[in-house]
$ cat work_4.txt   # compact mmCIF, C-alpha atoms (C1' of nucleotides)
# COMPACT_ATOMS: atom_id res chain seq x y z
CA MET N 35 -5.49 -71.50 -21.51
CA ARG N 36 -2.23 -72.77 -20.08
CA GLN N 37 -1.35 -76.46 -19.94
CA ARG N 38 1.58 -78.45 -18.63
CA ILE N 39 3.19 -81.82 -19.14
CA ASN N 40 6.16 -83.57 -17.62
CA VAL N 41 9.11 -83.78 -20.01
CA PRO N 42 12.07 -85.90 -18.94
CA ASP N 43 15.26 -85.79 -20.98
CA PHE N 44 14.24 -82.67 -22.83
CA ASP N 45 15.79 -79.24 -23.38
CA LEU N 46 13.43 -76.83 -25.12
CA ALA N 47 16.04 -74.11 -25.63
CA ALA N 48 18.58 -76.46 -27.19
CA THR N 49 15.92 -78.05 -29.37
CA LEU N 50 14.57 -74.77 -30.73
CA ASP N 51 17.86 -72.85 -30.87
CA CYS N 52 20.10 -75.49 -32.41
CA GLY N 53 19.47 -74.43 -35.98
CA GLN N 54 17.00 -77.01 -37.24
CA ALA N 55 14.03 -74.60 -37.35
CA PHE N 56 13.96 -70.91 -38.19
CA ARG N 57 10.69 -69.50 -36.90
CA TRP N 58 11.13 -69.68 -33.15
CA LYS N 59 11.79 -66.56 -31.11
CA ARG N 60 12.54 -66.44 -27.43
CA GLY N 61 10.89 -63.60 -25.57
CA GLY N 62 12.28 -61.89 -22.51
CA ASP N 63 9.94 -63.93 -20.32
CA ALA N 64 11.50 -67.23 -21.49
CA TRP N 65 8.48 -68.05 -23.61
CA TYR N 66 9.27 -69.31 -27.10
CA VAL N 67 6.86 -68.17 -29.78
CA GLY N 68 6.74 -69.79 -33.19
CA VAL N 69 4.46 -70.59 -36.09
CA VAL N 70 3.76 -74.25 -36.77
CA GLY N 71 1.37 -74.93 -39.61
CA ARG N 72 -1.43 -72.44 -39.17
CA GLU N 73 -0.94 -72.09 -35.44
CA VAL N 74 1.05 -69.73 -33.28
CA TRP N 75 2.62 -71.75 -30.50
CA ARG N 76 3.88 -70.43 -27.17
CA LEU N 77 6.10 -72.77 -25.19
CA ARG N 78 8.12 -72.53 -22.01
CA GLN N 79 10.13 -75.02 -19.98
CA GLU N 80 10.77 -74.94 -16.26
CA GLY N 81 12.73 -77.89 -15.04
CA HIS N 82 10.99 -81.02 -16.23
CA THR N 83 7.76 -79.18 -16.93
CA LEU N 84 6.79 -77.97 -20.38
CA GLU N 85 4.09 -75.31 -20.48
CA TRP N 86 2.16 -74.08 -23.45
CA GLU N 87 -0.59 -71.62 -24.06
CA THR N 88 -3.36 -72.05 -26.54
CA ASP N 89 -5.54 -69.49 -28.16
CA PRO N 90 -9.11 -69.88 -26.98
CA LYS N 91 -10.57 -68.69 -30.28
CA PRO N 92 -8.95 -70.39 -33.25
CA THR N 93 -9.89 -69.34 -36.77
CA PRO N 94 -12.94 -71.40 -37.71
CA ASN N 95 -12.25 -71.67 -41.44
CA PRO N 96 -8.70 -71.99 -42.73
CA SER N 97 -8.41 -70.64 -46.25
CA LYS N 98 -8.68 -72.95 -49.23
CA GLU N 99 -4.99 -72.46 -50.04
CA GLY N 100 -3.79 -73.78 -46.74
CA ASN N 101 -0.13 -74.09 -46.01
CA PHE N 102 -0.29 -77.76 -45.43
CA GLY N 103 -2.35 -78.98 -48.27
CA LEU N 104 0.27 -81.64 -48.69
CA HIS N 105 -0.96 -83.24 -45.52
CA SER N 106 -4.54 -82.20 -45.44
CA LYS N 107 -5.75 -85.77 -45.75
CA LYS N 108 -3.79 -86.77 -42.70
CA ARG N 109 -5.03 -84.07 -40.41
CA ASN N 110 -6.58 -85.07 -37.15
CA SER N 111 -6.15 -88.70 -38.01
CA GLY N 112 -5.46 -89.71 -34.45
CA LEU N 113 -2.32 -90.44 -32.54
CA CYS N 114 0.51 -91.28 -34.89
CA THR N 115 3.04 -93.72 -33.60
CA LYS N 116 5.46 -94.13 -36.50
CA ASN N 117 8.27 -91.63 -36.64
CA ARG N 118 7.65 -90.79 -40.29
CA ASP N 119 4.02 -89.76 -39.88
CA SER N 120 3.16 -86.15 -40.44
CA VAL N 121 2.20 -84.37 -37.24
CA ILE N 122 1.56 -80.81 -38.29
CA PRO N 123 -1.73 -79.57 -36.88
CA SER N 124 -4.18 -77.34 -38.64
CA SER N 125 -6.06 -74.63 -36.87
CA GLY N 126 -9.77 -74.78 -36.52
CA GLY N 127 -9.89 -78.51 -36.05
CA ALA N 128 -12.15 -80.16 -33.59
CA GLY N 129 -11.64 -78.40 -30.32
CA GLY N 130 -9.11 -76.03 -31.91
CA GLY N 131 -5.89 -74.93 -30.26
CA LEU N 132 -2.78 -76.82 -29.50
CA SER N 133 -3.06 -80.36 -28.20
CA GLU N 134 -0.62 -82.41 -26.17
CA MET N 135 -0.44 -84.80 -29.10
CA HIS N 136 0.76 -82.07 -31.47
CA ILE N 137 3.34 -80.84 -28.97
CA THR N 138 4.54 -84.34 -28.26
CA LYS N 139 4.93 -85.26 -31.90
CA TYR N 140 6.46 -81.99 -33.08
CA LEU N 141 9.06 -82.00 -30.31
CA SER N 142 9.65 -85.78 -30.60
CA LEU N 143 8.76 -86.19 -26.93
CA ASP N 144 7.31 -89.60 -27.72
CA ARG N 145 10.81 -90.92 -28.27
CA SER N 146 13.20 -92.15 -25.61
CA LEU N 147 16.35 -90.06 -25.70
CA PRO N 148 18.31 -92.52 -23.51
CA ALA N 149 17.37 -95.32 -25.91
CA ILE N 150 18.53 -93.26 -28.89
CA VAL N 151 21.79 -92.32 -27.19
CA ALA N 152 22.31 -95.98 -26.32
CA THR N 153 22.65 -96.69 -30.04
CA PHE N 154 25.64 -94.35 -30.34
CA PRO N 155 28.92 -96.29 -30.46
CA VAL N 156 30.41 -96.39 -26.95
CA ASP N 157 33.90 -95.57 -28.20
CA ASN N 158 32.77 -92.33 -29.85
CA ALA N 159 33.98 -90.05 -27.07
CA PRO N 160 33.54 -86.67 -28.84
CA LEU N 161 29.95 -87.52 -29.61
CA HIS N 162 29.11 -88.54 -26.06
CA ALA N 163 30.70 -85.36 -24.78
CA ALA N 164 28.50 -83.30 -27.12
CA VAL N 165 25.43 -85.27 -26.04
CA ARG N 166 26.20 -84.56 -22.39
CA ARG N 167 26.65 -80.86 -23.11
CA HIS N 168 23.30 -80.61 -24.84
CA TRP N 169 21.33 -83.32 -23.12
CA GLY N 170 17.69 -83.04 -24.09
CA LEU N 171 18.24 -81.75 -27.63
CA ARG N 172 15.73 -83.50 -29.83
CA VAL N 173 15.23 -83.60 -33.59
CA LEU N 174 11.93 -81.95 -34.48
CA ARG N 175 9.29 -83.29 -36.82
CA GLN N 176 8.70 -80.34 -39.11
CA GLU N 177 6.59 -79.87 -42.21
CA PRO N 178 8.60 -80.96 -45.29
CA TRP N 179 7.82 -78.08 -47.64
CA GLU N 180 8.64 -75.36 -45.13
CA CYS N 181 11.76 -77.26 -44.14
CA LEU N 182 12.86 -77.69 -47.76
CA ALA N 183 12.19 -74.07 -48.69
CA SER N 184 13.99 -72.81 -45.59
CA PHE N 185 17.09 -74.84 -46.33
CA ILE N 186 17.11 -73.80 -49.99
CA ALA N 187 17.23 -70.28 -48.58
CA SER N 188 20.03 -71.30 -46.22
CA SER N 189 22.60 -71.84 -48.93
CA SER N 190 25.66 -69.78 -48.07
CA LYS N 191 23.73 -67.70 -45.54
CA GLN N 192 24.09 -67.08 -41.84
CA ILE N 193 21.35 -68.41 -39.58
CA VAL N 194 20.22 -64.93 -38.64
CA GLN N 195 19.77 -64.15 -42.33
CA ILE N 196 17.91 -67.39 -42.96
CA ARG N 197 15.45 -66.47 -40.22
CA GLN N 198 14.99 -63.11 -41.86
CA ILE N 199 14.33 -64.61 -45.29
CA VAL N 200 11.83 -67.15 -43.92
CA GLU N 201 10.02 -64.37 -42.08
CA LEU N 202 9.91 -62.23 -45.21
CA LEU N 203 8.50 -65.13 -47.23
CA ALA N 204 5.82 -65.73 -44.60
CA ASN N 205 4.86 -62.08 -44.24
CA ARG N 206 4.75 -61.49 -47.98
CA PHE N 207 3.27 -64.75 -49.24
CA GLY N 208 1.76 -66.47 -46.21
CA GLU N 209 -1.58 -65.83 -44.61
CA PRO N 210 -2.11 -63.82 -41.44
CA ILE N 211 -3.03 -65.91 -38.45
CA THR N 212 -6.02 -64.20 -36.96
CA ASN N 213 -9.05 -64.89 -34.87
CA ALA N 214 -12.52 -65.01 -36.32
CA ASP N 215 -12.84 -61.29 -35.56
CA GLY N 216 -9.78 -60.56 -37.70
CA ARG N 217 -7.54 -59.62 -34.80
CA ALA N 218 -4.00 -60.90 -34.72
CA ARG N 219 -3.37 -63.95 -32.61
CA TRP N 220 -0.44 -63.50 -30.28
CA PRO N 221 0.49 -60.26 -32.02
CA GLN N 222 4.20 -60.22 -32.71
CA ARG N 223 5.00 -57.01 -30.92
CA ALA N 224 2.74 -57.37 -27.93
CA GLU N 225 5.61 -58.52 -25.75
CA ASP N 226 7.75 -55.50 -26.51
CA PRO N 227 6.42 -52.50 -24.58
CA ARG N 228 8.61 -50.14 -26.57
CA LEU N 229 6.39 -50.76 -29.56
CA GLY N 230 3.25 -49.71 -27.76
CA GLU N 231 0.02 -50.96 -29.20
CA ALA N 232 1.41 -51.66 -32.64
CA THR N 233 0.75 -55.25 -33.58
CA GLU N 234 1.43 -57.34 -36.60
CA PRO N 235 -0.07 -60.79 -37.01
CA TYR N 236 2.11 -63.82 -37.49
CA HIS N 237 1.86 -65.39 -40.89
CA SER N 238 1.78 -69.01 -41.92
CA PHE N 239 4.54 -70.23 -44.21
CA PRO N 240 3.38 -69.94 -47.84
CA SER N 241 2.18 -73.07 -49.58
CA VAL N 242 3.99 -74.71 -52.48
CA GLY N 243 1.32 -73.41 -54.85
CA VAL N 244 1.68 -69.83 -53.74
CA ILE N 245 5.45 -69.87 -54.22
CA ALA N 246 5.13 -71.73 -57.53
CA ARG N 247 2.95 -68.91 -58.84
CA ALA N 248 5.07 -66.11 -57.41
CA SER N 249 7.29 -64.01 -59.62
CA HIS N 250 11.05 -64.18 -59.52
CA GLU N 251 11.12 -60.47 -58.71
CA HIS N 252 8.87 -60.86 -55.68
CA LEU N 253 11.04 -63.67 -54.36
CA LEU N 254 14.13 -61.52 -54.87
CA ALA N 255 12.47 -58.92 -52.69
CA CYS N 256 12.65 -61.45 -49.86
CA LYS N 257 16.45 -61.22 -50.01
CA LEU N 258 16.83 -64.67 -51.52
CA GLY N 259 19.44 -63.53 -54.02
CA PHE N 260 20.58 -66.30 -56.36
CA ARG N 261 18.50 -68.77 -54.33
CA ALA N 262 15.27 -67.23 -55.64
CA LYS N 263 15.48 -69.11 -58.93
CA TYR N 264 16.08 -72.38 -57.07
CA LEU N 265 13.12 -71.90 -54.74
CA LEU N 266 10.85 -70.97 -57.63
CA ALA N 267 11.91 -73.91 -59.82
CA THR N 268 11.67 -76.34 -56.91
CA ALA N 269 8.20 -75.11 -55.96
CA ARG N 270 7.05 -75.53 -59.55
CA MET N 271 8.37 -79.08 -59.77
CA ILE N 272 6.55 -80.02 -56.58
CA ASP N 273 3.41 -78.15 -57.58
CA ASN N 274 3.43 -80.00 -60.90
CA GLY N 275 3.71 -83.31 -59.12
CA ASP N 276 7.16 -84.06 -60.55
CA VAL N 277 8.40 -84.64 -57.01
CA LYS N 278 6.03 -85.70 -54.24
CA LEU N 279 7.26 -84.65 -50.82
CA ASP N 280 4.61 -86.63 -48.97
CA ALA N 281 5.82 -89.81 -50.65
CA LEU N 282 9.34 -89.52 -49.25
CA ARG N 283 8.49 -90.94 -45.84
CA SER N 284 7.54 -94.30 -47.29
CA MET N 285 10.75 -94.62 -49.33
CA GLU N 286 14.07 -96.13 -48.44
CA TYR N 287 16.61 -93.53 -47.38
CA GLU N 288 18.74 -93.73 -50.53
CA ARG N 289 15.70 -93.50 -52.78
CA ALA N 290 14.30 -90.51 -50.89
CA LEU N 291 17.68 -88.78 -51.15
CA GLU N 292 17.82 -89.38 -54.91
CA GLU N 293 14.35 -87.96 -55.28
CA LEU N 294 15.15 -84.77 -53.37
CA VAL N 295 18.39 -83.96 -55.16
CA ARG N 296 16.43 -83.88 -58.42
CA LEU N 297 15.12 -80.52 -57.23
CA PRO N 298 17.00 -77.40 -58.38
CA GLY N 299 19.15 -75.94 -55.64
CA VAL N 300 18.97 -79.11 -53.58
CA GLY N 301 22.19 -81.02 -53.10
CA GLU N 302 23.08 -83.78 -50.70
CA LYS N 303 23.35 -81.48 -47.69
CA ILE N 304 19.97 -79.81 -48.04
CA ALA N 305 18.32 -83.12 -48.93
CA ASN N 306 19.67 -84.69 -45.75
CA CYS N 307 18.38 -81.77 -43.70
CA VAL N 308 14.90 -82.28 -45.11
CA LEU N 309 15.02 -86.04 -44.58
CA LEU N 310 16.21 -85.65 -40.99
CA PHE N 311 14.16 -82.67 -39.81
CA SER N 312 10.88 -83.39 -41.55
CA CYS N 313 10.70 -86.91 -42.95
CA GLY N 314 11.79 -89.01 -40.00
CA PHE N 315 15.02 -90.39 -41.46
CA ASP N 316 17.05 -90.56 -38.26
CA GLU N 317 20.08 -91.84 -40.15
CA ALA N 318 20.37 -88.74 -42.38
CA PHE N 319 23.61 -86.89 -41.59
CA PRO N 320 23.83 -83.45 -43.22
CA ILE N 321 27.45 -82.38 -43.71
CA ASP N 322 27.80 -78.61 -43.82
CA VAL N 323 30.78 -76.37 -43.12
CA TRP N 324 30.25 -76.60 -39.35
CA ILE N 325 30.00 -80.37 -39.21
CA GLU N 326 32.88 -80.80 -41.61
CA ARG N 327 34.99 -78.58 -39.37
CA ALA N 328 33.90 -80.52 -36.29
CA LEU N 329 34.59 -83.92 -37.85
CA ARG N 330 38.05 -82.88 -38.95
CA ARG N 331 38.91 -81.37 -35.59
CA LEU N 332 37.48 -84.15 -33.42
CA TYR N 333 38.19 -87.28 -35.45
CA PHE N 334 41.08 -86.40 -37.80
CA PRO N 335 43.14 -83.87 -35.85
CA ARG N 336 46.46 -84.85 -37.44
CA LYS N 337 45.26 -85.94 -40.86
CA HIS N 338 44.94 -83.01 -43.21
CA ASN N 339 44.17 -84.73 -46.49
CA VAL N 340 40.79 -86.23 -45.62
CA THR N 341 38.42 -85.70 -48.52
CA HIS N 342 34.76 -84.80 -48.28
CA ARG N 343 33.90 -88.24 -49.58
CA GLN N 344 35.90 -89.88 -46.79
CA LEU N 345 34.09 -87.74 -44.22
CA ARG N 346 30.79 -88.88 -45.68
CA GLU N 347 31.81 -92.51 -45.37
CA PHE N 348 33.05 -91.91 -41.84
CA ALA N 349 29.74 -90.34 -40.84
CA ARG N 350 27.82 -93.21 -42.36
CA SER N 351 29.76 -95.83 -40.43
CA HIS N 352 30.52 -94.24 -37.04
CA PHE N 353 27.28 -92.86 -35.67
CA GLY N 354 24.73 -95.64 -35.92
CA PRO N 355 21.06 -95.63 -36.94
CA TYR N 356 20.42 -92.29 -35.23
CA ALA N 357 23.32 -90.52 -36.91
CA GLY N 358 21.14 -87.48 -37.53
CA TRP N 359 20.57 -86.96 -33.80
CA ALA N 360 24.30 -87.28 -33.27
CA GLN N 361 24.90 -84.79 -36.05
CA GLN N 362 22.63 -82.21 -34.47
CA CYS N 363 24.43 -82.48 -31.11
CA LEU N 364 27.81 -82.12 -32.81
CA PHE N 365 26.54 -79.24 -34.94
CA PHE N 366 25.15 -77.31 -31.99
CA SER N 367 28.24 -78.04 -29.94
CA GLU N 368 30.49 -76.77 -32.70
CA ARG N 369 28.47 -73.59 -33.07
CA MET N 370 28.51 -72.98 -29.32
CA ARG N 371 32.31 -73.14 -29.37
CA LYS N 372 32.27 -70.02 -31.50
C1' DT B 149 36.29 -52.48 -45.77
C1' DG B 150 36.58 -57.08 -46.33
C1' DC B 151 35.50 -61.66 -44.97
C1' DC B 152 32.34 -65.20 -44.78
C1' DA B 153 27.94 -67.51 -44.38
C1' DG B 154 23.77 -74.83 -42.23
C1' DG B 155 25.55 -74.79 -50.76
C1' DC B 156 24.71 -75.66 -55.36
C1' DC B 157 25.86 -75.62 -60.23
C1' DT B 158 28.99 -75.76 -63.93
C1' DG B 159 33.21 -76.29 -66.22
C1' DT B 160 37.84 -78.13 -66.15
C1' DC B 161 41.37 -81.36 -65.29
C1' DG J 194 36.34 -87.82 -58.42
C1' DA J 195 38.42 -83.44 -57.03
C1' DC J 196 38.60 -78.73 -57.39
C1' DA J 197 37.70 -73.76 -58.48
C1' DG J 198 34.82 -69.99 -59.64
C1' DG J 199 30.46 -67.79 -59.74
C1' DC J 200 26.29 -66.75 -57.69
C1' DA J 201 23.49 -62.19 -54.23
C1' DT J 202 23.34 -60.23 -50.03
C1' DG J 203 24.03 -58.73 -45.42
C1' DG J 204 25.97 -59.46 -40.60
C1' DC J 205 29.96 -58.79 -38.15
$ encode --input "work_4.txt" --output "structure tokens"
Amino acid sequence: MRQRINVPDFDLAATLDCGQAFRWKRGGDAWYVGVVGREVWRLRQEGHTLEWETDPKPTPNPSKEGNFGLHSKKRNSGLCTKNRDSVIPSSGGAGGGLSEMHITKYLSLDRSLPAIVATFPVDNAPLHAAVRRHWGLRVLRQEPWECLASFIASSSKQIVQIRQIVELLANRFGEPITNADGRARWPQRAEDPRLGEATEPYHSFPSVGVIARASHEHLLACKLGFRAKYLLATARMIDNGDVKLDALRSMEYERALEELVRLPGVGEKIANCVLLFSCGFDEAFPIDVWIERALRRLYFPRKHNVTHRQLREFARSHFGPYAGWAQQCLFFSERMRK
DNA sequence: TGCCAGGCCTGTC
DNA sequence: GACAGGCATGGC
């Protein structure tokens, strides 16, 4: 079944391609296909209209080791209004399929982009130029564990390689997303006629528990390299309850940051990515090599001795309460230059 | 073939 | 606090 909603101030391509999520693929027909929770989503934008297709026969019984056990108690709890609420749907819920509420929350369509941009300092010309270039780019509300694991894998990797690692983790450790009859939902290769009838089901992202009980060797097989030991140790700490991801949303920003950097392989940059992309901390401003390059070029063109610490302070004081949204525009803009 | 990648950890100064 | 080296691997 195909459904549509009106989406002002929104750019699906910029939002899904800007590097904040790693499981979206654009098909030749302009449809984006991705896995969110235990659902395969298909989305397309035409002008101010967002279309999506839902599977008419969702799996009736998600397995006991669901990907989103962290949020199982919050599922289907009604329309969330606070930014830091979890919004990840589960399949097989009442009515099944993909609802407008899930789409709206995941894509942050319930937020006013003009109002957010209005908080950016008026004298920050490079930022406003980036916002104009990528008008409609929104910060997603992703699932914290998948976001954290993906960014642990991102360390010193190119985005194309991160996508590959996340896909390998899902295919090896996740669960196939199938209909009740066992057939793949939205089979991955169906859109590529060169591959004939061959189909492979999409897989959910593996749960914390599954990764915590995986072997180091099996994680290495997913091309994680030296990051394998970090992902394993982090999963075990979370699985043990040493760090509670679902408690982060209710913390102050600084406290949540402190909690995340306790995890092996998680420094300030990765922690800020998780806080921004999955925990609703709009002020989080991840500083990676791209943003550092952009900040130096745009704001300190003739000052060559600016330290990383000074850049951090600059970011904290020059982008306002939605610094993370500003960061994502600058990040995408910087990448597009290349 | 060699550089570099949405970093982090550790040791050294 | 600042900095360098090491860590695995693959795209370009």
$ closest_atom_pairs --input "work_4.txt" --of "chain B" --to "chain N" --cutoff "12 Å" --atoms "all atoms listed in the file" --output "tab-separated table"
residue	atom	partner	partner_atom	distance
B:DC152	C1'	N:Ser190	CA	8.7
B:DA153	C1'	N:Lys191	CA	4.4
B:DG154	C1'	N:Asp322	CA	5.7
B:DG155	C1'	N:Ser189	CA	4.6
B:DC156	C1'	N:Gly299	CA	5.6
B:DC157	C1'	N:Gly299	CA	8.1
$ closest_residue --input "work_4.txt" --among "N:Gln361, N:Gln344, N:Ser367, N:Thr153" --to "chain J" --atoms "all atoms listed in the file"
N:Gln344
$ closest_atom_pairs --input "work_4.txt" --of "chain N" --to "chain J" --cutoff "7 Å" --atoms "all atoms listed in the file" --output "CSV"
residue,atom,partner,partner_atom,distance
N:Lys257,CA,J:DT202,C1',7.0
N:Gly259,CA,J:DA201,C1',4.3
N:Phe260,CA,J:DA201,C1',5.5
$ residues_near_point --input "work_4.txt" --point "(8.5, -68.3, -54.3)" --cutoff "12 Å" --atoms "all atoms listed in the file" --output "PyMOL selection string"
chain N and resi 179-180+183-184+186-187+199-200+202-204+206-208+239-259+261-270+273
$ atom_distance --input "work_4.txt" --atom1 "CA of Arg118 in chain N" --atom2 "CA of Ser284 in chain N"
7.8 Å
$ atom_distance --input "work_4.txt" --atom1 "CA of Lys139 in chain N" --atom2 "CA of Cys313 in chain N"
12.6 Å
$ atom_distance --input "work_4.txt" --atom1 "CA of His82 in chain N" --atom2 "CA of Glu177 in chain N"
26.4 Å
$ axis_aligned_box --input "work_4.txt" --around "chain J" --padding-each-side "3 Å" --output "JSON"
{"center_x": 31.0, "center_y": -73.3, "center_z": -48.9, "size_x": 21.3, "size_y": 35.1, "size_z": 27.6}
$ closest_residue --input "work_4.txt" --among "N:Ile211, N:Leu282, N:Val69, N:Ala349" --to "Ala318 in chain N" --atoms "all atoms listed in the file"
N:Ala349
$ closest_residue --input "work_4.txt" --among "N:Glu73, N:Glu368, N:Glu317, N:Glu286" --to "His352 in chain N" --atoms "only C-alpha atoms"
N:Glu317
$ closest_residue --input "work_4.txt" --among "N:Glu293, N:Asp63, N:Glu134, N:Asp45" --to "Thr88 in chain N" --atoms "all atoms listed in the file"
N:Glu134
